[in-house]
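Undergrad: I'd like to ask some things about the structure below.
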Amino acid sequence: MQDRSIVHMDLDTFFVSCERLLDSKLKGKPILIGGTSDRGVVASCSYEARTFGIHSAMPMKMAKQLCPEAIVLRGNSGIYSKYSNLVTDVIKDTVPLYEKSSVDEFYIDLTGMDKFFGCHQLASELRQKIIRETGLPISFGLSVNKTVSKIATGEAKPNNEIKVIKGTEKPFLSPLSVRKIPMVGEVTYRALCDLGIKQIKTVQEMPIEMMAKVFKKNGVSIWKKANGIDNSPVVKYQERKSISTERTFDKDTIDVNKLEGIIVAITENLVYQLRRGNKLTGCVAFKIRYSDFQTYTVQKKIPYTSADHKIIPLIKELYKKLYNRRMLVRLIGVKFSHLVEGGFQIDLFDDEDKILNLYQAMDKMREKFGDRAVIRAVGMEAKSISRWNPFNGEPPPLLANRRR
């Protein structure tokens with residue numbers, strides 16, 4: 001079996017780097033990006049700011065207290081989406097197989113390419129090409145799998161590269177903090193520390209059965225990653241990957257209040273499915289079919305987001321572009337495409353923490369009691385929106401003409 005060569009590339013302090021491209025005076029300064037009010041949240045910060053103990057998701061008020069001289073920027077998700085796409089285009093034109101795992105990081109499978117170029121040389125040349133063509137600093141890790149490469153990238157930062165030779169994965173990982181293991185979040189890290197487990201070396205020396213007993217299924221995954229074991233493939237990035245919902249009416253309608261209510265309801269539900277799947281969308285579309293079966297679709301590229309209050313107005317705007325008040329409507333549909341991993345971070349630029357807390361609270365209620373446990377009043381008439389996670393491999397339910 002051929003040895004794999006997997007590269008993980010990550011743009012360094014991506015949002016900050018984009019801002020510095022637009023304003024060179026920001027170079028070398030402590031930068032905070034996020035909600036600019038005291039109730040805002042830090043979405044990203046420069047390395048200069050991190051030396052003060054600042055990190056993402058920290059309340060902006062606390063960050064400003066730690067570093068009063070920091071320059072605070074609201075951020076511009078449109079600019080960041082543009083630069084993310086520029087980097088994607090460079091990678092797409094250079095390598096045969098890549099996975100865009102978020103707006104600022106990529107996995108690249110170079111297996112077999114060493115016959116022609118040498119994988120490390122090819123990755124280095126690609127990194128230099130990205131820096132040259134976009135002006136953005138980027139780091140990479142190269143190893144036999146995704147986990148080790150991702151951790152290596154973290155060690156290479158800022159703006160550097162590391163190759164982990166096959167067979168040296170365990171000694172490379174051994175001295176590092178268990179916090180470096182992908183999937184070990186703050187809660188798991190604290191639990192490991194409570195057990196006296198702070199270095200990856202300790203996990204490597206533990207029996208897998210013990211990790212499974214304490215952390216169940218996650219314990220097995222953590223043990224494997226700590227030992228440099230990861231067979232997960234690089235999943236080919238599909239620019240058109242999407243989720244969508246359509247609603248066909250029992251009777252063709254011209255009731256604008258009913259139409260708007262259902263549009264809001266299905267959009268709100270789809271956005272929740274994005275957040276549930278830890279996805280962001282970069283393109284939204286609206287579809288309408290009239291009683292004569294004439295069908296029209298309009299779409300719009302947008303800054304990556306998974307926020308109701310940003311996407312719902314856009315969908316309503318597209319609906320108003322297409323809607324002909326003289327015609328009866330048979331079907332409406334909403335579609336999100338250009339999906340990437342990303343959670344909610346890119347929406348922290350202009351959101352106060354109360355909005356973030358509201359989304360988290362609503363999503364918890366939906367997870368516990370069903371998708372329609374919390375909905376906007378305007379969407380209450382849309383009874384056919386049902387519980388479904390489009391990212392778990394299950395087929396969607398039949399949405400048309402259903403009643404609870």
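Ligands are numbered from 1 in the order shown, chains are lettered A, B, ... in the order of the structure tokens, and residues start at 1 in each chain.
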Would you kindly return, as a PDB file with N, CA and C atoms, in the first residue's frame, each protein, DNA or RNA residue with an atom no farther than 9 Å from any atom of A:Thr253, considering only C-alpha atoms and excluding same-chain residues fewer than 4 positions away?

TA:
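selection-v6.pdb was written with the following content:
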```pdb
ATOM      1  N   PHE A 249     -47.733  23.776  -2.684  1.00  0.00           N
ATOM      2  CA  PHE A 249     -48.970  24.073  -1.983  1.00  0.00           C
ATOM      3  C   PHE A 249     -50.101  23.135  -2.389  1.00  0.00           C
ATOM      4  N   LYS A 258     -49.155  34.542   3.476  1.00  0.00           N
ATOM      5  CA  LYS A 258     -48.866  33.112   3.584  1.00  0.00           C
ATOM      6  C   LYS A 258     -47.518  32.791   2.940  1.00  0.00           C
ATOM      7  N   LEU A 259     -47.276  33.347   1.757  1.00  0.00           N
ATOM      8  CA  LEU A 259     -46.019  33.111   1.048  1.00  0.00           C
ATOM      9  C   LEU A 259     -44.827  33.573   1.879  1.00  0.00           C
ATOM     10  N   SER A 291     -48.600  28.762 -11.363  1.00  0.00           N
ATOM     11  CA  SER A 291     -49.637  27.776 -11.679  1.00  0.00           C
ATOM     12  C   SER A 291     -49.524  27.249 -13.107  1.00  0.00           C
ATOM     13  N   MET A 327     -49.877  36.337 -10.742  1.00  0.00           N
ATOM     14  CA  MET A 327     -49.874  34.887 -10.970  1.00  0.00           C
ATOM     15  C   MET A 327     -50.059  34.121  -9.666  1.00  0.00           C
ATOM     16  N   LEU A 328     -50.786  33.009  -9.746  1.00  0.00           N
ATOM     17  CA  LEU A 328     -50.898  32.093  -8.620  1.00  0.00           C
ATOM     18  C   LEU A 328     -49.600  31.308  -8.460  1.00  0.00           C
ATOM     19  N   VAL A 329     -49.181  31.080  -7.233  1.00  0.00           N
ATOM     20  CA  VAL A 329     -47.915  30.387  -6.959  1.00  0.00           C
ATOM     21  C   VAL A 329     -48.183  28.929  -6.601  1.00  0.00           C
ATOM     22  N   ARG A 330     -47.419  28.029  -7.233  1.00  0.00           N
ATOM     23  CA  ARG A 330     -47.569  26.591  -6.999  1.00  0.00           C
ATOM     24  C   ARG A 330     -46.502  26.059  -6.038  1.00  0.00           C
TER      25      ARG A 330
END
```

Undergrad: I'd like the neighbourhood of stretch 308-315 of chain A as a ChimeraX atom specification, where a residue qualifies if any of its atoms comes within 7 Å (using only C-alpha atoms), though same-chain residues fewer than 3 positions away should be ignored.

TA: /A:264,267-268,271,286,318-319

Undergrad: Let me see the file: selected residues, C-alpha atoms, as a short mmCIF file (atom, residue, chain, number, x, y, z; two decimals), in the first residue's frame.

TA:
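The resulting file, part-v5.cif, is reproduced below:
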```cif
data_model
loop_
_atom_site.label_atom_id
_atom_site.label_comp_id
_atom_site.auth_asym_id
_atom_site.auth_seq_id
_atom_site.Cartn_x
_atom_site.Cartn_y
_atom_site.Cartn_z
CA VAL A 264 -39.25 32.81 6.44
CA THR A 267 -35.21 29.70 5.48
CA GLU A 268 -35.01 29.83 9.27
CA VAL A 271 -30.11 28.16 8.54
CA PHE A 286 -34.75 31.34 -4.23
CA LEU A 318 -34.70 37.53 -3.95
CA TYR A 319 -38.39 36.57 -3.57
#
```

Undergrad: Among stretch 53-278 of chain A, which residues does DSSP mark as strand (DSSP E or B) when it is run on the backbone? Keep the chain and numbering as in the structure and answer as number ranges by chain.

TA: A: 59, 71-73, 98-102, 105-109, 138-143, 161-163, 177, 199, 242-253

Undergrad: Could those selected residues go to a file with C-alpha atoms, as a JSON list (two decimals), in the first residue's frame?

TA:
```
[["chain", "number", "residue", "atom", "x", "y", "z"],
["A", 59, "PRO", "CA", -15.69, 39.36, 25.39],
["A", 71, "ILE", "CA", -6.86, 48.59, 17.44],
["A", 72, "VAL", "CA", -10.45, 47.32, 17.31],
["A", 73, "LEU", "CA", -12.01, 46.60, 13.90],
["A", 98, "TYR", "CA", -8.09, 19.20, -2.09],
["A", 99, "GLU", "CA", -10.64, 19.69, 0.69],
["A", 100, "LYS", "CA", -11.68, 23.16, 1.81],
["A", 101, "SER", "CA", -12.43, 22.49, 5.46],
["A", 102, "SER", "CA", -13.15, 26.11, 6.42],
["A", 105, "GLU", "CA", -7.83, 26.06, 5.90],
["A", 106, "PHE", "CA", -7.37, 23.26, 3.39],
["A", 107, "TYR", "CA", -6.31, 19.62, 3.20],
["A", 108, "ILE", "CA", -4.42, 18.54, 0.08],
["A", 109, "ASP", "CA", -3.72, 14.94, -0.96],
["A", 138, "ILE", "CA", 0.09, 30.81, 5.16],
["A", 139, "SER", "CA", 1.58, 27.82, 6.99],
["A", 140, "PHE", "CA", 1.45, 24.09, 6.31],
["A", 141, "GLY", "CA", 2.16, 20.72, 7.84],
["A", 142, "LEU", "CA", 2.99, 17.62, 5.74],
["A", 143, "SER", "CA", 2.66, 14.04, 7.01],
["A", 161, "GLU", "CA", 6.15, 24.86, 7.19],
["A", 162, "ILE", "CA", 6.90, 21.52, 8.88],
["A", 163, "LYS", "CA", 7.30, 18.04, 7.43],
["A", 177, "SER", "CA", -0.16, 19.59, 24.96],
["A", 199, "GLN", "CA", 0.89, 15.99, 27.43],
["A", 242, "SER", "CA", -25.77, 22.45, -1.10],
["A", 243, "ILE", "CA", -28.87, 21.97, 1.04],
["A", 244, "SER", "CA", -32.36, 23.01, 0.00],
["A", 245, "THR", "CA", -36.06, 22.83, 0.83],
["A", 246, "GLU", "CA", -39.08, 23.19, -1.46],
["A", 247, "ARG", "CA", -42.76, 23.55, -0.60],
["A", 248, "THR", "CA", -45.59, 22.67, -3.01],
["A", 249, "PHE", "CA", -48.97, 24.07, -1.98],
["A", 250, "ASP", "CA", -52.22, 22.08, -1.75],
["A", 251, "LYS", "CA", -53.83, 24.88, -3.72],
["A", 252, "ASP", "CA", -52.05, 27.46, -5.83],
["A", 253, "THR", "CA", -51.99, 30.70, -3.85]]
```

Undergrad: Smallest atom-to-atom distance to A:Asn76: which of A:Asn269, A:Asn218, A:Thr297, A:Thr305, using only C-alpha atoms?

TA: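 When distances to A:Asn76 are compared using only C-alpha atoms, the smallest one comes from A:Thr305.
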
Undergrad: Could you check which of A:Lys216, A:Arg20, A:Lys201, A:Arg289 is closest to A:Ile79, using only C-alpha atoms?

TA: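 That would be A:Arg20, the residue with the smallest distance to A:Ile79.
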
Undergrad: Could you list, as a VMD selection string, every residue within 12 Å of stretch 125-128 of chain A, counting only C-alpha atoms and ignoring same-chain residues fewer than 5 positions away?

TA: chain A and resid 7 to 11 87 to 95 106 108 110 117 to 120 133 to 141 159 to 161

Undergrad: In Å, how far is it from atom CA of A:Val220 to atom CA of A:Val203?

TA: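 Distance between the two atoms: 10.6 Å.
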
Undergrad: Return the single residue from A:Val103, A:Arg275, A:Leu192, A:Lys225 that is closest to A:Lys150, with distances computed using only C-alpha atoms.

TA: A:Lys225

Undergrad: Could you go through stretch 139-350 of chain A and tell me which residues DSSP, when run on the backbone, assigns to alpha helix (DSSP H), listing them as JSON, numbers by chain?

TA: {"A": [146, 147, 148, 149, 150, 151, 152, 153, 154, 155, 156, 169, 170, 171, 172, 173, 186, 187, 188, 189, 190, 191, 192, 193, 194, 200, 201, 202, 203, 204, 205, 208, 209, 210, 211, 212, 213, 214, 215, 216, 217, 218, 219, 220, 221, 222, 223, 224, 225, 226, 256, 257, 258, 259, 260, 261, 262, 263, 264, 265, 266, 267, 268, 269, 270, 271, 272, 273, 274, 275, 276, 308, 309, 310, 311, 312, 313, 314, 315, 316, 317, 318, 319, 320, 321, 322]}

Undergrad: Just the selected residues (C-alpha atoms), exported as a short mmCIF file (atom, residue, chain, number, x, y, z; two decimals), in the first residue's frame, please.

TA:
```cif
data_model
loop_
_atom_site.label_atom_id
_atom_site.label_comp_id
_atom_site.auth_asym_id
_atom_site.auth_seq_id
_atom_site.Cartn_x
_atom_site.Cartn_y
_atom_site.Cartn_z
CA LYS A 146 -4.78 14.73 8.30
CA THR A 147 -4.44 14.79 12.10
CA VAL A 148 -0.64 14.93 12.24
CA SER A 149 -0.52 17.46 9.40
CA LYS A 150 -3.03 19.76 11.14
CA ILE A 151 -1.07 19.65 14.41
CA ALA A 152 2.18 20.23 12.47
CA THR A 153 0.67 23.34 10.87
CA GLY A 154 -0.06 24.71 14.33
CA GLU A 155 3.57 24.16 15.30
CA ALA A 156 4.82 25.73 12.05
CA GLU A 169 4.62 10.80 14.19
CA LYS A 170 4.56 9.61 17.82
CA PRO A 171 7.80 11.31 18.94
CA PHE A 172 6.70 14.49 17.13
CA LEU A 173 3.37 14.54 18.98
CA GLU A 186 -12.06 23.32 26.43
CA VAL A 187 -14.36 20.93 28.31
CA THR A 188 -12.44 17.78 27.29
CA TYR A 189 -9.13 19.50 27.99
CA ARG A 190 -10.21 20.36 31.54
CA ALA A 191 -11.40 16.78 32.07
CA LEU A 192 -8.02 15.44 30.87
CA CYS A 193 -6.15 17.88 33.11
CA ASP A 194 -8.26 16.79 36.09
CA ILE A 200 0.09 13.80 24.43
CA LYS A 201 2.83 11.45 25.65
CA THR A 202 0.64 10.46 28.62
CA VAL A 203 -2.24 9.49 26.31
CA GLN A 204 0.15 7.50 24.11
CA GLU A 205 1.24 5.48 27.15
CA ILE A 208 -6.91 2.44 24.68
CA GLU A 209 -9.42 0.59 26.89
CA MET A 210 -8.86 3.07 29.72
CA MET A 211 -9.49 6.07 27.43
CA ALA A 212 -12.64 4.36 26.14
CA LYS A 213 -13.86 3.71 29.69
CA VAL A 214 -13.42 7.34 30.76
CA PHE A 215 -14.38 9.20 27.55
CA LYS A 216 -16.43 6.53 25.73
CA LYS A 217 -16.26 6.79 21.91
CA ASN A 218 -14.40 10.11 22.06
CA GLY A 219 -11.70 8.46 24.17
CA VAL A 220 -10.90 5.99 21.38
CA SER A 221 -10.67 8.84 18.84
CA ILE A 222 -8.43 10.91 21.13
CA TRP A 223 -6.14 7.91 21.74
CA LYS A 224 -5.80 7.21 18.01
CA LYS A 225 -5.06 10.84 17.17
CA ALA A 226 -2.53 11.05 20.02
CA VAL A 256 -48.65 37.21 0.05
CA ASN A 257 -48.76 36.90 3.84
CA LYS A 258 -48.87 33.11 3.58
CA LEU A 259 -46.02 33.11 1.05
CA GLU A 260 -43.79 35.33 3.17
CA GLY A 261 -44.50 33.30 6.29
CA ILE A 262 -43.52 30.02 4.64
CA ILE A 263 -40.43 31.58 3.03
CA VAL A 264 -39.25 32.81 6.44
CA ALA A 265 -40.03 29.45 8.07
CA ILE A 266 -38.15 27.28 5.58
CA THR A 267 -35.21 29.70 5.48
CA GLU A 268 -35.01 29.83 9.27
CA ASN A 269 -35.07 26.03 9.41
CA LEU A 270 -32.37 25.65 6.75
CA VAL A 271 -30.11 28.16 8.54
CA TYR A 272 -30.53 26.14 11.73
CA GLN A 273 -29.48 23.02 9.78
CA LEU A 274 -26.34 24.92 8.71
CA ARG A 275 -25.40 25.70 12.30
CA ARG A 276 -26.30 22.18 13.38
CA ASP A 308 -30.80 34.01 10.42
CA HIS A 309 -30.85 37.80 10.60
CA LYS A 310 -28.48 38.04 7.63
CA ILE A 311 -29.87 35.30 5.38
CA ILE A 312 -33.64 35.78 5.83
CA PRO A 313 -33.63 39.40 4.51
CA LEU A 314 -31.57 38.26 1.50
CA ILE A 315 -34.04 35.47 0.65
CA LYS A 316 -36.97 37.90 1.00
CA GLU A 317 -35.12 40.28 -1.32
CA LEU A 318 -34.70 37.53 -3.95
CA TYR A 319 -38.39 36.57 -3.57
CA LYS A 320 -39.48 40.16 -4.24
CA LYS A 321 -37.31 40.20 -7.37
CA LEU A 322 -39.09 37.17 -8.80
#
```

Undergrad: Counting only C-alpha atoms, which residue out of A:Gly333, A:Lys27, A:Ala307, A:Val340 sits closest to A:Lys287?

TA: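 Looking only at the distances to A:Lys287, the closest residue turns out to be A:Gly333.
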
Undergrad: Can you pull out the residues contacting A:Lys29? Cut-off 8 Å, using only C-alpha atoms, and skip same-chain residues under 2 positions away; I want them as a list in words.

TA: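 Here the qualifying residues turn out to be Leu26, Lys27, Ile31, Ser46, Glu48, Ala49, Ala70 and Ile71 of chain A.
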
Undergrad: With a distance cut-off of 9 Å and only C-alpha atoms, select the neighbouring residues of A:Thr111, excluding the residue or stretch itself and same-chain residues fewer than 3 positions from it, and output the selection as a PyMOL selection string.

TA: chain A and resi 2-6+114+119+144
